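Report on the structure given below.
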Amino acid sequence: MAAWTPTTNAKYAVVVHDYTARNEHELSLPFGEGVHIQEECGGWYRGCLIRNRAVKGVFPSSYVHLKDCHVENSGPHETVVSKEDTIVQEVTAVLREWGTIWKKRYAECRMDVFNRIRQVMLDLLKYRRQICYGTLPQDRLTELKQYITTKIDWGNWSACCCLLVCMTVCFCFSHVCHGLPVSESVVFLTLLHPLAVKPV
């Protein structure tokens with residue numbers, strides 16, 4: 001049986017397919033997560049998720065895609081940092097988070113929200129590709145990054161606002177049904193409900 005050897009070039013990867021650990025020695029891989037690879041052996045890697053370095057395990061190399069990275073403190077206590085542009089990493093994280101919301105809206109048969117989220121996600125994917133190609137002039141690149149940031153901020157604000165107002169409406173309805181007092185500010189938020197729940 002081949003021995004495990006420390007990796008030299010394969011240090012950082014992104015999960016391209018979900019993988020569920022089949023025993024205590026394996027590491028489950030959620031799609032889109034970053035992985036720190038430490039050793040390799042016959043088509044398998046040993047390492048940990050970037051977001052949870054305390055849990056280590058082995059996983060098939062075919063479930064991840066290798067990416068360039070900076071290696072700091074090479075050895076047992078090494079850390080890896082992706083060379084990808086920070087805005088690209090941000091878009092990737094947002095798409096993963098919004099993907100969960102997107103699926104929930106489909107399950108709830110809220111097709112208007114589902115289609116709106118879908119369009120925003122497709123736009124972000126397009127912008128992410130343009131940055132990754134590395135062919136944009138600097139002024140266009142700066143402008144696109146600012147636009148992406150605004151788009152993400154707006155989407156996150158919309159999601160939070162939707163949740164806040166929906167909770168306020170439920171609170172107000174519950175109090176009215178039980179004959180309890182409701183403050184003017186809560187009533188105001190409730191009246192704003194059709195305007196404030198514009199989804200992502």
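In the structure tokens, each chain is lettered A, B, ... as it comes, each chain's residues begin at 1, and ligands are numbered from 1 in order of appearance.
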
Inset, instruction - Going by DSSP on the backbone, which bits of region 6-128 of chain A are alpha helix (DSSP H)? Write them as a PyMOL selection string, please. - result: chain A and resi 86-107+111-128

Legend entry - For region 6-19 of chain A: contacts at 12 Å, only C-alpha atoms, fewer than 4 positions along chain excluded, given as a PyMOL selection string: chain A and resi 23+26-41+44-50+58-72+74-76+78-84+89+92-93+96

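Across the structure, CA of Ile101 (chain A) and CA of Asp153 (chain A) are spaced 15.9 Å apart.
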
Legend entry - Backbone-only DSSP, strand (DSSP E or B) members of region 40-163 of chain A, as a VMD selection string: chain A and resid 40 to 41 44 to 49 52 to 60 64 to 67 69 to 72 79 to 82

Inset, instruction - Tell me which protein, DNA and RNA residues are within 8 Å of Phe114 (chain A), counting only C-alpha atoms, leaving out same-chain ones fewer than 6 positions away, and put them as a PyMOL selection string. - result: chain A and resi 102-103+105-106

Inset, instruction - Write out as number ranges by chain the residues lying within 10 Å of Glu90 (chain A), counting only C-alpha atoms and excluding same-chain residues fewer than 3 positions away. - result: A: 85-87, 93-96, 128, 148-149, 152

Residues of the last selection are to be written out with C-alpha atoms, as a PDB file, in the first residue's frame.
ATOM      1  CA  ASP A  85      -9.423  38.249  -5.922  1.00  0.00           C
ATOM      2  CA  THR A  86     -11.305  38.958  -2.692  1.00  0.00           C
ATOM      3  CA  ILE A  87     -14.427  40.052  -4.610  1.00  0.00           C
ATOM      4  CA  ALA A  93     -19.728  32.800  -0.697  1.00  0.00           C
ATOM      5  CA  VAL A  94     -22.826  34.876  -1.513  1.00  0.00           C
ATOM      6  CA  LEU A  95     -23.923  32.504  -4.269  1.00  0.00           C
ATOM      7  CA  ARG A  96     -23.617  29.582  -1.882  1.00  0.00           C
ATOM      8  CA  ARG A 128     -17.499  36.682 -11.571  1.00  0.00           C
ATOM      9  CA  ILE A 148     -20.962  43.843  -7.566  1.00  0.00           C
ATOM     10  CA  THR A 149     -20.480  45.108  -4.014  1.00  0.00           C
ATOM     11  CA  ILE A 152     -24.547  42.127  -2.885  1.00  0.00           C
TER      12      ILE A 152
END
